[in-house]
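Novice: Enclosed is the structure file data36.txt (compact mmCIF, C-alpha atoms and all ligand atoms).
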```txt
# COMPACT_ATOMS: atom_id res chain seq x y z
CA MET A 157 -15.15 -1.86 -24.28
CA ASN A 158 -15.17 -5.09 -22.29
CA ASP A 159 -18.15 -6.78 -20.64
CA SER A 160 -17.60 -5.45 -17.15
CA GLU A 161 -17.18 -1.94 -18.46
CA ALA A 162 -20.45 -2.26 -20.33
CA ILE A 163 -22.27 -3.15 -17.13
CA VAL A 164 -20.95 -0.19 -15.19
CA THR A 165 -21.54 2.32 -17.92
CA GLY A 166 -25.18 1.20 -17.94
CA SER A 167 -27.77 2.43 -15.49
CA ILE A 168 -25.62 1.89 -12.40
CA GLY A 169 -22.71 3.72 -13.98
CA GLU A 170 -24.92 6.61 -14.95
CA THR A 171 -26.31 6.93 -11.46
CA LEU A 172 -22.82 6.74 -9.98
CA GLY A 173 -21.70 9.49 -12.32
CA ASN A 174 -24.60 11.71 -11.28
CA LEU A 175 -23.98 11.07 -7.62
CA LEU A 176 -20.33 11.90 -8.04
CA GLN A 177 -21.01 15.10 -9.92
CA SER A 178 -23.28 16.25 -7.13
CA SER A 179 -20.61 15.26 -4.55
CA LEU A 180 -22.91 12.76 -2.87
CA MET A 181 -20.46 10.61 -0.94
CA SER A 182 -23.19 9.55 1.47
CA ASP A 183 -23.79 6.21 3.17
CA ASP A 184 -26.63 5.68 0.71
CA PHE A 185 -24.14 6.02 -2.10
CA LEU A 186 -21.78 3.47 -0.63
CA LYS A 187 -24.60 1.06 0.18
CA PHE A 188 -25.90 1.44 -3.31
CA VAL A 189 -22.54 0.57 -4.82
CA GLN A 190 -22.03 -2.41 -2.55
CA LYS A 191 -25.51 -3.75 -3.12
CA ASN A 192 -25.81 -3.24 -6.83
CA THR A 193 -22.46 -3.48 -8.43
CA LEU A 194 -21.63 -7.12 -8.94
CA PRO A 195 -18.61 -6.41 -11.18
CA LEU A 196 -17.13 -4.24 -8.43
CA ASP A 197 -17.64 -6.98 -5.87
CA THR A 198 -15.99 -9.47 -8.22
CA LEU A 199 -13.06 -7.16 -8.83
CA MET A 200 -12.60 -6.62 -5.10
CA ALA A 201 -12.60 -10.41 -4.59
CA TYR A 202 -9.84 -10.72 -7.21
CA TYR A 203 -7.80 -8.07 -5.38
CA ARG A 204 -8.26 -9.99 -2.12
CA CYS A 205 -6.91 -13.10 -3.87
CA ALA A 206 -3.90 -11.15 -5.12
CA ILE A 207 -3.25 -9.90 -1.58
CA MET A 208 -3.31 -13.52 -0.35
CA GLU A 209 -0.73 -14.45 -3.00
CA VAL A 210 1.63 -11.63 -2.08
CA GLU A 211 1.19 -12.01 1.66
CA THR A 212 2.00 -15.73 1.35
CA LYS A 213 5.15 -14.92 -0.61
CA PHE A 214 6.37 -12.72 2.24
CA LYS A 215 5.40 -15.29 4.87
CA VAL A 216 7.35 -17.94 2.98
CA LEU A 217 10.42 -15.68 2.81
CA ASN A 218 10.14 -14.97 6.53
CA GLU A 219 9.89 -18.67 7.28
CA GLN A 220 12.93 -19.45 5.16
CA PHE A 221 15.01 -16.74 6.85
CA SER A 222 13.94 -18.04 10.19
CA LEU A 223 15.15 -21.55 9.29
CA GLU A 224 18.33 -20.51 7.58
CA TYR A 225 19.55 -17.57 9.63
CA ASP A 226 17.55 -17.93 12.82
CA ARG A 227 15.96 -14.52 12.48
CA ASN A 228 12.75 -13.02 11.09
CA PRO A 229 13.20 -10.01 8.85
CA ILE A 230 9.45 -9.27 9.00
CA GLU A 231 7.90 -7.87 12.15
CA SER A 232 4.35 -7.72 10.79
CA ILE A 233 2.30 -7.71 7.61
CA LYS A 234 -0.84 -5.64 7.22
CA THR A 235 -3.15 -5.90 4.25
CA ARG A 236 -6.13 -3.98 3.01
CA VAL A 237 -8.37 -3.56 0.00
CA LYS A 238 -9.11 0.08 -0.68
CA SER A 239 -12.65 1.04 0.29
CA ILE A 240 -15.14 1.91 -2.41
CA GLU A 241 -15.13 5.45 -1.02
CA GLY A 242 -11.33 5.56 -1.34
CA ILE A 243 -11.58 4.30 -4.91
CA VAL A 244 -14.16 6.92 -5.79
CA ARG A 245 -11.97 9.66 -4.29
CA LYS A 246 -9.04 8.45 -6.41
CA VAL A 247 -11.23 8.32 -9.53
CA ARG A 248 -12.06 11.97 -8.91
CA LYS A 249 -8.47 12.98 -8.08
CA LYS A 250 -7.09 11.32 -11.21
CA GLU A 251 -10.04 12.48 -13.32
CA ILE A 252 -10.43 9.06 -14.90
CA PRO A 253 -13.64 7.51 -16.24
CA LEU A 254 -15.85 5.78 -13.72
CA THR A 255 -15.78 2.31 -15.24
CA ILE A 256 -14.51 -1.00 -13.90
CA HIS A 257 -12.00 -1.15 -16.73
CA SER A 258 -10.61 2.29 -16.02
CA ILE A 259 -10.46 1.69 -12.26
CA GLU A 260 -8.45 -1.49 -12.83
CA GLN A 261 -6.16 0.17 -15.36
CA ASN A 262 -5.47 3.42 -13.55
CA ILE A 263 -5.62 2.77 -9.82
CA ASN A 264 -2.61 0.83 -8.65
CA ASP A 265 -3.21 0.67 -4.91
CA ILE A 266 -6.59 -1.04 -4.58
CA ALA A 267 -4.80 -4.05 -3.13
CA GLY A 268 -2.28 -3.06 -0.49
CA VAL A 269 0.26 -5.11 1.44
CA ARG A 270 2.36 -3.35 4.08
CA VAL A 271 5.43 -5.18 5.30
CA VAL A 272 7.04 -3.88 8.46
CA CYS A 273 10.66 -4.80 9.21
CA SER A 274 13.01 -3.98 12.06
CA PHE A 275 15.96 -2.95 9.92
CA PRO A 276 16.18 -0.84 6.73
CA GLU A 277 18.47 -3.32 4.94
CA ASP A 278 15.82 -6.03 5.29
CA ILE A 279 13.44 -3.87 3.28
CA TYR A 280 15.71 -4.03 0.24
CA LEU A 281 16.52 -7.68 0.83
CA LEU A 282 12.83 -8.61 0.87
CA ALA A 283 12.04 -6.39 -2.12
CA ASP A 284 14.81 -8.10 -4.12
CA CYS A 285 13.63 -11.57 -3.11
CA LEU A 286 10.07 -10.74 -4.14
CA LEU A 287 11.06 -9.20 -7.47
CA ARG A 288 13.28 -12.17 -8.37
CA GLN A 289 10.25 -14.49 -8.32
CA ASP A 290 9.32 -15.39 -11.87
CA ASP A 291 5.58 -14.77 -11.44
CA VAL A 292 6.04 -11.26 -10.08
CA ARG A 293 6.19 -8.38 -12.55
CA LEU A 294 7.41 -5.00 -11.40
CA ILE A 295 5.22 -2.16 -12.67
CA GLY A 296 6.56 0.72 -10.63
CA LYS A 297 8.82 1.59 -7.76
CA LYS A 298 9.00 4.67 -5.52
CA ASP A 299 11.83 4.79 -3.05
CA TYR A 300 10.79 7.26 -0.37
CA ILE A 301 13.59 5.95 1.86
CA LYS A 302 16.40 7.13 -0.39
CA LYS A 303 14.32 10.20 -1.27
CA PRO A 304 11.82 10.96 1.54
CA LYS A 305 8.72 13.04 0.83
CA PRO A 306 8.88 16.69 1.96
CA SER A 307 6.65 15.72 4.90
CA GLY A 308 9.34 13.29 6.05
CA TYR A 309 7.43 10.19 4.90
CA ARG A 310 9.71 7.20 4.26
CA SER A 311 8.84 3.77 2.81
CA LEU A 312 9.67 1.71 -0.24
CA HIS A 313 6.67 1.37 -2.55
CA LEU A 314 6.45 -1.32 -5.22
CA ILE A 315 3.60 -1.79 -7.63
CA VAL A 316 3.67 -5.40 -8.76
CA ALA A 317 1.45 -7.59 -10.89
CA VAL A 318 0.88 -11.15 -9.71
CA PRO A 319 -1.23 -13.91 -11.22
CA ILE A 320 -4.28 -15.31 -9.51
CA PHE A 321 -5.62 -18.65 -10.69
CA LEU A 322 -9.39 -18.84 -11.06
CA GLN A 323 -11.51 -21.77 -12.14
CA ASP A 324 -10.93 -21.32 -15.88
CA GLU A 325 -8.70 -18.34 -16.00
CA LYS A 326 -5.37 -16.90 -14.95
CA ARG A 327 -5.61 -13.20 -14.19
CA GLU A 328 -2.86 -10.69 -13.46
CA MET A 329 -3.71 -8.31 -10.62
CA LYS A 330 -1.85 -5.25 -9.36
CA VAL A 331 -0.79 -4.94 -5.74
CA GLU A 332 0.90 -2.04 -3.99
CA VAL A 333 3.55 -3.26 -1.57
CA GLN A 334 4.75 -0.79 1.03
CA LEU A 335 7.90 -1.86 2.87
CA ARG A 336 8.99 0.12 5.91
CA THR A 337 10.70 -0.19 9.28
CA ILE A 338 8.89 -0.12 12.62
CA ALA A 339 10.11 3.45 13.07
CA MET A 340 8.84 4.51 9.63
CA ASP A 341 5.50 2.85 10.35
CA PHE A 342 5.18 4.52 13.74
CA TRP A 343 5.89 7.90 12.18
CA ALA A 344 3.49 7.37 9.24
CA SER A 345 0.59 6.34 11.46
CA LEU A 346 0.99 9.41 13.69
CA GLU A 347 1.39 11.71 10.70
CA HIS A 348 -1.71 10.15 9.13
CA LYS A 349 -3.68 10.95 12.30
CA VAL A 350 -2.51 14.55 12.28
CA ARG A 351 -3.16 14.93 8.56
CA TYR A 352 -6.76 13.80 8.81
CA LYS A 353 -7.57 15.58 12.09
CA LYS A 354 -10.03 18.30 11.33
CA ASN A 355 -10.47 21.47 13.36
CA ILE A 356 -6.79 21.97 14.19
CA PRO A 357 -6.00 25.72 14.08
CA GLU A 358 -3.77 26.57 11.13
CA ASN A 359 -0.71 27.65 13.11
CA GLU A 360 -0.95 24.57 15.32
CA ALA A 361 -1.16 22.37 12.20
CA GLU A 362 1.97 24.06 10.82
CA GLN A 363 3.86 23.52 14.06
CA LEU A 364 2.82 19.87 14.18
CA ALA A 365 3.98 19.39 10.59
CA GLU A 366 7.37 20.91 11.46
CA GLU A 367 7.62 18.74 14.56
CA LEU A 368 6.79 15.65 12.49
CA THR A 369 9.42 16.51 9.89
CA GLU A 370 11.96 16.78 12.71
CA CYS A 371 10.78 13.44 14.16
CA ALA A 372 11.16 11.84 10.71
CA LYS A 373 14.83 12.90 10.64
CA ILE A 374 15.41 11.53 14.14
CA SER A 375 13.67 8.27 13.28
CA ALA A 376 15.83 7.91 10.13
CA GLN A 377 18.93 8.39 12.29
CA LEU A 378 17.63 5.80 14.75
CA ASP A 379 17.03 3.31 11.93
CA ASN A 380 20.56 3.81 10.65
CA ARG A 381 22.14 3.48 14.08
CA MET A 382 20.19 0.31 14.89
CA GLN A 383 21.17 -1.11 11.50
CA ASN A 384 24.76 -0.26 12.27
CA ILE A 385 24.60 -2.06 15.60
CA ARG A 386 23.18 -5.14 13.92
CA ASN A 387 25.86 -5.06 11.24
CA ARG A 388 28.57 -4.85 13.90
CA LEU A 389 27.01 -7.79 15.74
CA ALA A 390 26.92 -9.75 12.48
CA ALA A 391 30.55 -8.89 11.81
CA ALA A 392 31.37 -10.18 15.28
CA GLY A 393 29.61 -13.39 14.32
CA GLU A 394 26.79 -12.91 16.81
CA THR A 395 23.95 -12.63 14.32
CA LYS A 396 23.18 -12.63 10.57
P1 LIG B 1 -4.28 4.75 1.98
O1 LIG B 1 -5.55 4.75 2.73
O2 LIG B 1 -3.07 4.71 2.89
O3 LIG B 1 -4.22 3.75 0.91
P2 LIG B 1 -0.66 7.11 -7.10
O4 LIG B 1 -1.78 7.70 -7.83
O5 LIG B 1 -1.13 6.02 -6.14
O6 LIG B 1 0.48 6.66 -7.96
P3 LIG B 1 0.06 8.61 -4.80
O7 LIG B 1 -1.24 8.46 -4.09
O8 LIG B 1 0.70 9.97 -4.68
O9 LIG B 1 -0.07 8.32 -6.33
O10 LIG B 1 1.06 7.45 -4.34
P4 LIG B 1 2.20 7.46 -3.27
O11 LIG B 1 2.83 8.77 -3.08
O12 LIG B 1 3.11 6.36 -3.68
O13 LIG B 1 1.47 7.14 -1.89
C1 LIG B 1 0.45 6.23 -1.73
C2 LIG B 1 0.32 5.79 -0.29
O14 LIG B 1 1.52 5.98 0.45
C3 LIG B 1 -0.71 6.56 0.53
O15 LIG B 1 -1.95 5.99 0.34
C4 LIG B 1 -0.22 6.35 1.96
O16 LIG B 1 -0.57 5.06 2.43
C5 LIG B 1 1.26 6.41 1.78
N1 LIG B 1 1.77 7.79 1.89
C6 LIG B 1 2.31 8.53 0.91
N2 LIG B 1 2.71 9.72 1.36
C7 LIG B 1 2.43 9.75 2.68
C8 LIG B 1 2.65 10.72 3.74
O17 LIG B 1 3.17 11.83 3.54
N3 LIG B 1 2.21 10.37 4.99
C9 LIG B 1 1.65 9.17 5.27
N4 LIG B 1 1.26 8.92 6.52
N5 LIG B 1 1.43 8.23 4.30
C10 LIG B 1 1.82 8.52 3.03
P5 LIG B 1 -3.29 6.85 0.32
O18 LIG B 1 -3.83 6.82 -1.06
O19 LIG B 1 -3.04 8.21 0.91
O20 LIG B 1 -4.30 6.14 1.25
```
Now, as a test, write the supplied structure out as structure tokens.
Specialist:
Amino acid sequence: MNDSEAIVTGSIGETLGNLLQSSLMSDDFLKFVQKNTLPLDTLMAYYRCAIMEVETKFKVLNEQFSLEYDRNPIESIKTRVKSIEGIVRKVRKKEIPLTIHSIEQNINDIAGVRVVCSFPEDIYLLADCLLRQDDVRLIGKKDYIKKPKPSGYRSLHLIVAVPIFLQDEKREMKVEVQLRTIAMDFWASLEHKVRYKKNIPENEAEQLAEELTECAKISAQLDNRMQNIRNRLAAAGETK
């Protein structure tokens, strides 16, 4: 057991465990964690540093493309650190021990970077450029573009480890990178709203899910057609 694990399995860890067992996901619980758990705060700061590293890598690539080819493959980059509540939910879902060590080992998406592109081919181009960098280690890849989820969800997910450089230490941190087109992002944000909307009658929820699956197919077709147009323009020497 490492130092940070020892701290959380002490009195704070015990209390967290009890609160979890009794399903107390209250504000008090969250405040308590934020106020008392220094190792968690430190870990979250490390994840924020890792996000900065990865976000900068994408910004650099975008800048280079802009100089070299006069176009920006990236429309926007969104980043987030998973909330403590989200982490606790994942701990419960995965049935892993509630320790700092286990959270760091088993939860891969505490640090999240979402890169939104206009065209599907840019997703793979950017993913390749990122993974070729010698300080980026690929841990896992899920290609929901080639194989969409049954809901219709599409995106390319990479779990990477990147180093962060602290005062006396180099530390490898995991970051989940989600790459998607504007159309995929639009779809996912609407689907997310529907998914978490409570009080929708069951048959209405089913119809909405069907409608969303249909929209996902249409948006995939749109992505492909727009890509095709861009490729034809490039072939005609109008763009790269
Ligand atoms: P949030 O708040 O977006 O972070 P894992 O344990 O992480 O390996 P998991 O959770 O099945 O297993 O990973 P997966 O399938 O790669 O998906 C993780 C994230 O992808 C989700 O994060 C969503 O952001 C997104 N995602 C996956 N499937 C869907 C979907 O059907 N619809 C939408 N809108 N988003 C999806 P979280 O953990 O849900 O939360």
Novice: Smallest atom-to-atom distance to ligand LIG 1 (chain B): which of A:Ile256, A:Val210, A:Leu281, A:Leu335, using only C-alpha atoms and all ligand atoms?
Specialist: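 Among the listed residues, the smallest separation from ligand LIG 1 (chain B) belongs to A:Leu335.
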Novice: Ligand LIG 1 (chain B), all listed atoms, 8 Å padding on each side: what axis-aligned box centre and edge lengths in Å to one decimal come out, as lines of an AutoDock Vina configuration file?
Specialist:
```
center_x = -1.2
center_y = 7.8
center_z = -0.7
size_x = 24.7
size_y = 24.1
size_z = 30.5
```
Novice: Hey, which of A:Pro319, A:Gly393, A:Gly242, A:Pro276 ends up closest to ligand LIG 1 (chain B)? Count all atoms listed in the file.
Specialist: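 So, comparing all the options, the nearest one is A:Gly242.
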Novice: Which residues of chain A have any atom within 10 Å of an atom in ligand LIG 1 (chain B) when counting only C-alpha atoms and all ligand atoms, and what is the closest pair of atoms for each, with the distance in Å to one decimal? Order the rows by chain and rising number and write it as CSV.
Specialist:
```
residue,atom,partner,partner_atom,distance
A:Arg236,CA,B:LIG1,O3,8.2
A:Val237,CA,B:LIG1,O3,8.5
A:Lys238,CA,B:LIG1,O3,6.3
A:Ser239,CA,B:LIG1,O1,8.4
A:Gly242,CA,B:LIG1,O1,7.1
A:Ile243,CA,B:LIG1,O18,9.0
A:Arg245,CA,B:LIG1,O18,9.2
A:Lys246,CA,B:LIG1,O4,7.4
A:Val247,CA,B:LIG1,O4,9.6
A:Lys249,CA,B:LIG1,O4,8.5
A:Lys250,CA,B:LIG1,O4,7.3
A:Asn262,CA,B:LIG1,O4,8.0
A:Ile263,CA,B:LIG1,O4,6.6
A:Asn264,CA,B:LIG1,O5,6.0
A:Asp265,CA,B:LIG1,O5,5.9
A:Ile266,CA,B:LIG1,O3,7.7
A:Ala267,CA,B:LIG1,O3,8.8
A:Gly268,CA,B:LIG1,O3,7.2
A:Val269,CA,B:LIG1,O3,9.9
A:Arg270,CA,B:LIG1,O16,9.1
A:Gly296,CA,B:LIG1,O6,8.9
A:Lys297,CA,B:LIG1,O12,8.5
A:Lys298,CA,B:LIG1,O12,6.4
A:Asp299,CA,B:LIG1,O12,8.9
A:Tyr300,CA,B:LIG1,O12,8.4
A:Pro304,CA,B:LIG1,O17,8.9
A:Lys305,CA,B:LIG1,O17,6.3
A:Pro306,CA,B:LIG1,O17,7.7
A:Ser307,CA,B:LIG1,O17,5.4
A:Gly308,CA,B:LIG1,O17,6.8
A:Tyr309,CA,B:LIG1,O17,4.8
A:Arg310,CA,B:LIG1,C7,7.9
A:Ser311,CA,B:LIG1,O14,8.0
A:Leu312,CA,B:LIG1,O12,8.7
A:His313,CA,B:LIG1,O12,6.2
A:Leu314,CA,B:LIG1,O12,8.5
A:Ile315,CA,B:LIG1,O6,9.0
A:Glu332,CA,B:LIG1,C1,8.6
A:Val333,CA,B:LIG1,O14,9.7
A:Gln334,CA,B:LIG1,O14,7.5
A:Met340,CA,B:LIG1,N4,9.3
A:Asp341,CA,B:LIG1,N4,8.3
A:Phe342,CA,B:LIG1,N4,9.3
A:Trp343,CA,B:LIG1,N4,7.4
A:Ala344,CA,B:LIG1,N4,3.8
A:Ser345,CA,B:LIG1,N4,5.6
A:Leu346,CA,B:LIG1,N4,7.2
A:Glu347,CA,B:LIG1,N4,5.0
A:His348,CA,B:LIG1,N4,4.1
A:Lys349,CA,B:LIG1,N4,7.9
A:Val350,CA,B:LIG1,N4,8.9
A:Arg351,CA,B:LIG1,N4,7.7
A:Tyr352,CA,B:LIG1,N4,9.7
```
Novice: Using only C-alpha atoms and a cutoff of 12 Å, can you tell me which residues are near (22.7, -3.4, 14.7) in the file's coordinates, and write them out as a short mmCIF file (atom, residue, chain, number, x, y, z; two decimals) with C-alpha atoms, in the frame of the given file?
Specialist:
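Contents of point-v2.cif, as written:
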```
data_model
loop_
_atom_site.label_atom_id
_atom_site.label_comp_id
_atom_site.auth_asym_id
_atom_site.auth_seq_id
_atom_site.Cartn_x
_atom_site.Cartn_y
_atom_site.Cartn_z
CA SER A 274 13.01 -3.98 12.06
CA PHE A 275 15.96 -2.95 9.92
CA PRO A 276 16.18 -0.84 6.73
CA GLU A 277 18.47 -3.32 4.94
CA ASP A 278 15.82 -6.03 5.29
CA LEU A 378 17.63 5.80 14.75
CA ASP A 379 17.03 3.31 11.93
CA ASN A 380 20.56 3.81 10.65
CA ARG A 381 22.14 3.48 14.08
CA MET A 382 20.19 0.31 14.89
CA GLN A 383 21.17 -1.11 11.50
CA ASN A 384 24.76 -0.26 12.27
CA ILE A 385 24.60 -2.06 15.60
CA ARG A 386 23.18 -5.14 13.92
CA ASN A 387 25.86 -5.06 11.24
CA ARG A 388 28.57 -4.85 13.90
CA LEU A 389 27.01 -7.79 15.74
CA ALA A 390 26.92 -9.75 12.48
CA ALA A 391 30.55 -8.89 11.81
CA ALA A 392 31.37 -10.18 15.28
CA GLU A 394 26.79 -12.91 16.81
CA THR A 395 23.95 -12.63 14.32
CA LYS A 396 23.18 -12.63 10.57
#
```
Novice: Can you list, as a VMD selection string, every protein, DNA or RNA residue that comes within 10 Å of A:Ala317 when you count all atoms listed in the file, leaving out same-chain residues fewer than 5 positions away?
Specialist: chain A and resid 206 210 264 291 to 296 327 to 332
Novice: Take the point (9.0, -13.5, 0.8) in the file's coordinates, draw a sphere of radius 7 Å around it, and report as an mmCIF file with C-alpha atoms, in the coordinates of the input every protein, DNA or RNA residue with an atom inside or on it, counting only C-alpha atoms.
Specialist:
```cif
data_model
loop_
_atom_site.group_PDB
_atom_site.id
_atom_site.type_symbol
_atom_site.label_atom_id
_atom_site.label_comp_id
_atom_site.auth_asym_id
_atom_site.auth_seq_id
_atom_site.Cartn_x
_atom_site.Cartn_y
_atom_site.Cartn_z
ATOM 1 C CA LYS A 213 5.150 -14.920 -0.610
ATOM 2 C CA PHE A 214 6.370 -12.720 2.240
ATOM 3 C CA LYS A 215 5.400 -15.290 4.870
ATOM 4 C CA VAL A 216 7.350 -17.940 2.980
ATOM 5 C CA LEU A 217 10.420 -15.680 2.810
ATOM 6 C CA ASN A 218 10.140 -14.970 6.530
ATOM 7 C CA LEU A 282 12.830 -8.610 0.870
ATOM 8 C CA CYS A 285 13.630 -11.570 -3.110
ATOM 9 C CA LEU A 286 10.070 -10.740 -4.140
#
```
Novice: What is the atom CA of A:Glu211-atom CA of A:Ser232 distance in Å, reported with one decimal?
Specialist: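 If I compute the distance from atom CA of A:Glu211 to atom CA of A:Ser232, I get 10.6 Å.
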Novice: Quote the spacing between atom CA of A:Asp197 and atom CA of A:Ile252 in Å to one decimal place.
Specialist: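 Interatomic distance, atom CA of A:Asp197 to atom CA of A:Ile252: 19.8 Å.
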Novice: So which one's closest to A:Ile233, A:Arg336, A:Lys326, A:Lys354, A:Lys303? Using all atoms listed in the file, please.
Specialist: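 That would be A:Arg336, the residue with the smallest distance to A:Ile233.
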Novice: State, in Å with one decimal place, the distance from atom CA of A:Phe221 to atom CA of A:Ser375.
Specialist: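 According to the coordinates, atom CA of A:Phe221 and atom CA of A:Ser375 are separated by 25.9 Å.
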Novice: Identify which of the residues A:Ile279, A:Ala339, A:Leu364, A:Cys273 lies closest to A:Ala376, counting only C-alpha atoms when measuring atom-to-atom distances.
Specialist: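 Checking each of A:Ile279, A:Ala339, A:Leu364, A:Cys273 against A:Ala376, counting only C-alpha atoms, the winner is A:Ala339.
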Novice: I'd like to know which of A:Asp284, A:Gln363, A:Thr193, A:Gln377 is closest to A:Thr255, using all atoms listed in the file.
Specialist: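 Ranking A:Asp284, A:Gln363, A:Thr193, A:Gln377 by distance to A:Thr255, first place goes to A:Thr193.
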